[in-house]
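A short write-up of the structure that comes next.
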Amino acid sequence: MRRLRAVAMLALVTLASAAACSTKKEDDGTTPLATTEELPALAIGEDTPNLLLTWIDEKGDMHVELKPADVPAEGRSLVRVVVSDREEGTKSLFYVVDLTKKREDGTYAARTMTRRAWESEVEKRRSAYLAKIAPPPPQPSPTGAPSAAQGPKKADEPPVVASDLTVIVYGADWCKPCHQAEDYLRSKGVRVVKKDVEASPEAAREMRDKLDKAGQRGGSIPVIDIRGQILVGFSTHAVDRALAKASAGTAL
(Lines give C-alpha, C1' and ligand atoms only; values in the text may rest on other atoms or scores of the structure.)
Protein backbone atom coordinates (compact mmCIF):
# COMPACT_ATOMS: atom_id res chain seq x y z
CA MET A 1 0.00 0.00 0.00
CA ARG A 2 2.78 2.37 0.92
CA ARG A 3 4.50 1.59 -2.36
CA LEU A 4 1.31 2.39 -4.31
CA ARG A 5 0.99 5.74 -2.50
CA ALA A 6 4.63 6.59 -3.32
CA VAL A 7 4.10 5.85 -7.00
CA ALA A 8 0.96 8.00 -7.03
CA MET A 9 2.76 10.91 -5.38
CA LEU A 10 5.66 10.65 -7.88
CA ALA A 11 3.19 10.77 -10.76
CA LEU A 12 1.52 13.91 -9.35
CA VAL A 13 4.89 15.68 -8.96
CA THR A 14 5.85 14.76 -12.52
CA LEU A 15 2.57 16.14 -13.90
CA ALA A 16 2.95 19.37 -11.92
CA SER A 17 6.49 19.85 -13.24
CA ALA A 18 5.36 19.29 -16.82
CA ALA A 19 2.55 21.81 -16.41
CA ALA A 20 5.00 24.43 -15.09
CA CYS A 21 7.33 23.96 -18.08
CA SER A 22 4.47 24.24 -20.54
CA THR A 23 3.43 27.66 -19.19
CA LYS A 24 6.93 29.21 -19.30
CA LYS A 25 6.94 32.39 -21.41
CA GLU A 26 8.94 32.05 -24.59
CA ASP A 27 10.39 34.88 -26.66
CA ASP A 28 8.46 34.58 -29.92
CA GLY A 29 9.82 37.86 -31.26
CA THR A 30 6.54 39.74 -30.83
CA THR A 31 6.87 40.75 -27.18
CA PRO A 32 10.48 41.34 -26.06
CA LEU A 33 11.28 39.84 -22.71
CA ALA A 34 12.67 42.08 -19.99
CA THR A 35 16.46 41.92 -19.68
CA THR A 36 18.67 42.59 -16.74
CA GLU A 37 21.88 42.13 -18.73
CA GLU A 38 24.64 44.52 -17.74
CA LEU A 39 28.03 45.23 -19.25
CA PRO A 40 31.16 44.61 -17.17
CA ALA A 41 32.00 47.46 -14.78
CA LEU A 42 33.87 50.36 -16.36
CA ALA A 43 35.28 53.60 -14.98
CA ILE A 44 37.09 56.26 -16.99
CA GLY A 45 39.32 59.14 -15.99
CA GLU A 46 40.58 62.30 -17.60
CA ASP A 47 43.65 60.49 -19.00
CA THR A 48 42.12 57.13 -19.94
CA PRO A 49 43.57 56.19 -23.36
CA ASN A 50 41.76 54.98 -26.50
CA LEU A 51 38.46 56.71 -25.73
CA LEU A 52 35.76 57.76 -28.15
CA LEU A 53 33.22 59.92 -26.33
CA THR A 54 29.96 60.69 -28.13
CA TRP A 55 27.64 63.43 -26.89
CA ILE A 56 24.36 64.72 -28.28
CA ASP A 57 23.58 68.40 -28.79
CA GLU A 58 20.14 70.02 -28.70
CA LYS A 59 19.71 69.46 -32.44
CA GLY A 60 20.11 65.71 -32.03
CA ASP A 61 23.50 65.79 -33.76
CA MET A 62 26.23 63.55 -32.34
CA HIS A 63 29.76 64.76 -31.69
CA VAL A 64 32.88 62.77 -30.87
CA GLU A 65 35.63 63.82 -28.46
CA LEU A 66 38.70 62.00 -27.21
CA LYS A 67 38.94 63.24 -23.63
CA PRO A 68 36.28 63.97 -20.98
CA ALA A 69 37.55 67.55 -20.61
CA ASP A 70 36.71 68.23 -24.28
CA VAL A 71 32.99 67.46 -23.89
CA PRO A 72 31.11 70.77 -23.52
CA ALA A 73 28.71 71.49 -20.69
CA GLU A 74 25.60 70.96 -22.85
CA GLY A 75 26.50 67.34 -23.52
CA ARG A 76 28.17 66.17 -20.32
CA SER A 77 25.17 64.60 -18.60
CA LEU A 78 24.84 61.80 -21.18
CA VAL A 79 27.99 60.64 -22.98
CA ARG A 80 28.47 57.35 -24.75
CA VAL A 81 31.83 55.70 -24.09
CA VAL A 82 33.70 53.41 -26.46
CA VAL A 83 37.14 52.09 -25.58
CA SER A 84 38.62 51.41 -29.00
CA ASP A 85 40.64 48.37 -27.90
CA ARG A 86 37.72 46.48 -26.34
CA GLU A 87 34.55 45.04 -27.85
CA GLU A 88 32.19 45.60 -24.90
CA GLY A 89 29.86 48.52 -25.42
CA THR A 90 29.80 48.39 -29.23
CA LYS A 91 26.83 46.10 -29.90
CA SER A 92 23.31 46.07 -28.47
CA LEU A 93 24.43 47.43 -25.09
CA PHE A 94 26.30 50.73 -24.70
CA TYR A 95 28.40 52.29 -21.96
CA VAL A 96 27.26 55.79 -20.97
CA VAL A 97 28.61 58.16 -18.32
CA ASP A 98 27.45 61.33 -16.62
CA LEU A 99 30.46 63.65 -16.72
CA THR A 100 28.81 66.01 -14.25
CA LYS A 101 29.31 63.40 -11.51
CA LYS A 102 32.96 62.78 -10.72
CA ARG A 103 33.79 60.29 -7.99
CA GLU A 104 36.21 60.92 -5.13
CA ASP A 105 39.01 59.12 -6.98
CA GLY A 106 38.57 61.43 -9.98
CA THR A 107 36.89 58.86 -12.24
CA TYR A 108 33.46 58.57 -13.81
CA ALA A 109 31.43 55.36 -13.42
CA ALA A 110 29.82 54.03 -16.59
CA ARG A 111 26.39 52.44 -16.67
CA THR A 112 24.69 50.22 -19.24
CA MET A 113 22.23 51.65 -21.77
CA THR A 114 20.59 49.78 -24.62
CA ARG A 115 21.26 50.82 -28.20
CA ARG A 116 17.51 51.37 -28.65
CA ALA A 117 17.35 53.76 -25.66
CA TRP A 118 20.34 55.75 -27.00
CA GLU A 119 18.83 56.05 -30.48
CA SER A 120 15.49 57.08 -28.96
CA GLU A 121 17.22 59.89 -27.07
CA VAL A 122 18.84 61.11 -30.29
CA GLU A 123 15.52 61.07 -32.14
CA LYS A 124 13.72 62.79 -29.26
CA ARG A 125 16.15 65.72 -29.28
CA ARG A 126 16.14 65.97 -33.06
CA SER A 127 12.33 66.01 -33.21
CA ALA A 128 12.10 68.62 -30.44
CA TYR A 129 14.59 70.89 -32.23
CA LEU A 130 12.89 70.57 -35.62
CA ALA A 131 9.55 71.35 -34.05
CA LYS A 132 11.03 74.45 -32.41
CA ILE A 133 12.54 75.90 -35.59
CA ALA A 134 9.82 74.86 -38.04
CA PRO A 135 8.43 77.95 -39.85
CA PRO A 136 4.69 78.53 -39.87
CA PRO A 137 2.95 77.09 -42.94
CA PRO A 138 2.65 79.64 -45.79
CA GLN A 139 -0.76 81.16 -46.33
CA PRO A 140 -2.16 80.29 -49.78
CA SER A 141 -2.75 83.19 -52.15
CA PRO A 142 -6.40 83.78 -53.09
CA THR A 143 -5.51 83.64 -56.79
CA GLY A 144 -3.39 80.53 -56.42
CA ALA A 145 -0.23 82.42 -57.42
CA PRO A 146 2.88 82.11 -55.26
CA SER A 147 2.81 84.58 -52.39
CA ALA A 148 5.66 86.96 -51.65
CA ALA A 149 6.65 84.84 -48.66
CA GLN A 150 6.95 81.78 -50.88
CA GLY A 151 9.08 83.60 -53.45
CA PRO A 152 9.63 82.55 -57.06
CA LYS A 153 9.88 78.87 -57.80
CA LYS A 154 13.45 77.78 -58.27
CA ALA A 155 14.52 75.65 -61.19
CA ASP A 156 15.73 72.18 -60.36
CA GLU A 157 19.46 72.09 -59.75
CA PRO A 158 21.42 69.96 -62.23
CA PRO A 159 22.49 66.60 -60.83
CA VAL A 160 26.07 66.13 -59.79
CA VAL A 161 27.86 63.62 -61.97
CA ALA A 162 30.60 61.97 -59.97
CA SER A 163 30.68 58.35 -61.08
CA ASP A 164 34.49 58.27 -61.06
CA LEU A 165 34.78 59.34 -57.42
CA THR A 166 35.50 57.22 -54.37
CA VAL A 167 34.43 58.78 -51.08
CA ILE A 168 35.39 57.60 -47.59
CA VAL A 169 32.76 57.79 -44.86
CA TYR A 170 34.01 57.45 -41.28
CA GLY A 171 31.14 56.48 -38.99
CA ALA A 172 29.57 53.77 -36.86
CA ASP A 173 26.84 51.17 -37.27
CA TRP A 174 24.49 52.94 -34.82
CA CYS A 175 24.86 56.36 -36.51
CA LYS A 176 21.78 57.08 -38.62
CA PRO A 177 23.27 60.15 -40.41
CA CYS A 178 26.23 57.95 -41.40
CA HIS A 179 23.91 55.56 -43.24
CA GLN A 180 22.03 58.49 -44.76
CA ALA A 181 25.31 59.92 -46.07
CA GLU A 182 26.30 56.59 -47.59
CA ASP A 183 22.91 56.17 -49.29
CA TYR A 184 22.95 59.72 -50.63
CA LEU A 185 26.45 59.36 -52.05
CA ARG A 186 25.53 56.09 -53.74
CA SER A 187 22.44 57.74 -55.23
CA LYS A 188 24.87 60.15 -56.92
CA GLY A 189 26.76 57.26 -58.48
CA VAL A 190 29.68 57.59 -56.07
CA ARG A 191 31.70 54.62 -54.84
CA VAL A 192 31.59 54.64 -51.03
CA VAL A 193 34.16 53.16 -48.67
CA LYS A 194 32.72 52.85 -45.16
CA LYS A 195 35.15 52.84 -42.22
CA ASP A 196 33.76 52.03 -38.77
CA VAL A 197 35.68 54.07 -36.20
CA GLU A 198 34.40 51.90 -33.38
CA ALA A 199 35.24 48.52 -34.84
CA SER A 200 38.64 49.62 -36.17
CA PRO A 201 41.17 51.58 -34.06
CA GLU A 202 43.12 52.15 -37.28
CA ALA A 203 40.08 53.83 -38.87
CA ALA A 204 39.63 55.99 -35.75
CA ARG A 205 43.27 57.13 -35.90
CA GLU A 206 42.98 57.81 -39.63
CA MET A 207 39.88 59.94 -39.03
CA ARG A 208 41.58 61.90 -36.24
CA ASP A 209 44.63 62.53 -38.44
CA LYS A 210 42.46 63.93 -41.22
CA LEU A 211 40.55 66.12 -38.79
CA ASP A 212 43.82 67.45 -37.39
CA LYS A 213 45.17 68.23 -40.86
CA ALA A 214 41.90 69.99 -41.71
CA GLY A 215 42.19 72.07 -38.53
CA GLN A 216 39.10 70.55 -36.95
CA ARG A 217 38.92 69.35 -33.36
CA GLY A 218 36.50 66.57 -32.62
CA GLY A 219 33.11 67.04 -34.25
CA SER A 220 30.14 64.92 -35.15
CA ILE A 221 30.07 61.82 -37.28
CA PRO A 222 30.00 60.99 -40.08
CA VAL A 223 33.30 62.46 -41.21
CA ILE A 224 33.34 62.40 -45.03
CA ASP A 225 36.49 62.60 -47.16
CA ILE A 226 35.73 63.73 -50.71
CA ARG A 227 39.11 63.92 -52.43
CA GLY A 228 40.70 65.72 -49.51
CA GLN A 229 37.65 67.81 -48.63
CA ILE A 230 36.80 66.85 -45.04
CA LEU A 231 33.14 67.29 -44.14
CA VAL A 232 32.01 66.87 -40.55
CA GLY A 233 28.40 65.75 -40.28
CA PHE A 234 26.02 65.10 -43.15
CA SER A 235 24.50 67.88 -45.22
CA THR A 236 23.23 67.26 -48.75
CA HIS A 237 24.20 70.79 -49.82
CA ALA A 238 27.74 70.45 -48.45
CA VAL A 239 28.13 67.06 -50.12
CA ASP A 240 26.85 68.40 -53.46
CA ARG A 241 29.31 71.32 -53.35
CA ALA A 242 32.20 69.04 -52.51
CA LEU A 243 31.25 66.57 -55.24
CA ALA A 244 31.01 69.39 -57.79
CA LYS A 245 34.49 70.64 -56.87
CA ALA A 246 35.90 67.11 -56.97
CA SER A 247 34.29 66.40 -60.35
CA ALA A 248 35.68 69.67 -61.73
CA GLY A 249 39.15 68.74 -60.55
CA THR A 250 39.41 71.68 -58.13
CA ALA A 251 39.59 69.55 -54.97
CA LEU A 252 42.80 68.24 -53.43
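How things are named: the first chain in the C-alpha coordinates is A, the next is B, and so on; residues count from 1 in each chain; ligands count from 1 in the order shown.
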
What lies within 10 Å of region 175-184 of chain A using only C-alpha atoms, ignoring chain neighbours under 3 positions off, as a PyMOL selection string?
chain A and resi 61-62+119+122-123+167-172+187-194+196+220-224+233-236+239-240

Using only C-alpha atoms, determine which residues lie at most 10 Å from region 75-84 of chain A, disregarding the query and same-chain residues fewer than 4 positions distant; provide the list as a ChimeraX atom specification.
/A:42-44,48-58,62-66,68-71,88-90,94-101,110-113,118,121,197-202,204

In Å, with one decimal, what is the gap from CA of Arg227 (chain A) to CA of Leu165 (chain A)?
8.0 Å

Expressed in Å, the length from CA of Ala214 (chain A) to CA of Arg126 (chain A) is 27.5 Å

Within 9 Å of Gly106 (chain A) using only C-alpha atoms, minus same-chain residues under 3 positions, as a list in words
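Within the cut-off, the hits are Ile44, Gly45, Glu46, Lys102 and Arg103 of chain A.
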
Run DSSP on the backbone and tell me which residues of region 38-119 of chain A come out as alpha helix (DSSP H); list them as a ChimeraX atom specification.
/A:115-119

Residues from last step as file, N, CA and C atoms, as a CSV table (one decimal), in the first residue's frame:
chain,number,residue,atom,x,y,z
A,115,ARG,N,21.1,50.1,-26.9
A,115,ARG,CA,21.3,50.8,-28.2
A,115,ARG,C,19.9,51.5,-28.5
A,116,ARG,N,18.8,50.8,-28.3
A,116,ARG,CA,17.5,51.4,-28.6
A,116,ARG,C,17.2,52.6,-27.8
A,117,ALA,N,17.6,52.6,-26.5
A,117,ALA,CA,17.4,53.8,-25.7
A,117,ALA,C,18.2,54.9,-26.1
A,118,TRP,N,19.5,54.7,-26.5
A,118,TRP,CA,20.3,55.7,-27.0
A,118,TRP,C,19.8,56.4,-28.3
A,119,GLU,N,19.4,55.5,-29.2
A,119,GLU,CA,18.8,56.0,-30.5
A,119,GLU,C,17.5,56.8,-30.3

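Of the residues under consideration (A:Arg86, A:Lys59, A:Lys210, A:Lys245), A:Lys59 shows the shortest atom-to-atom contact distance to Lys124 (chain A) when counting only C-alpha atoms.
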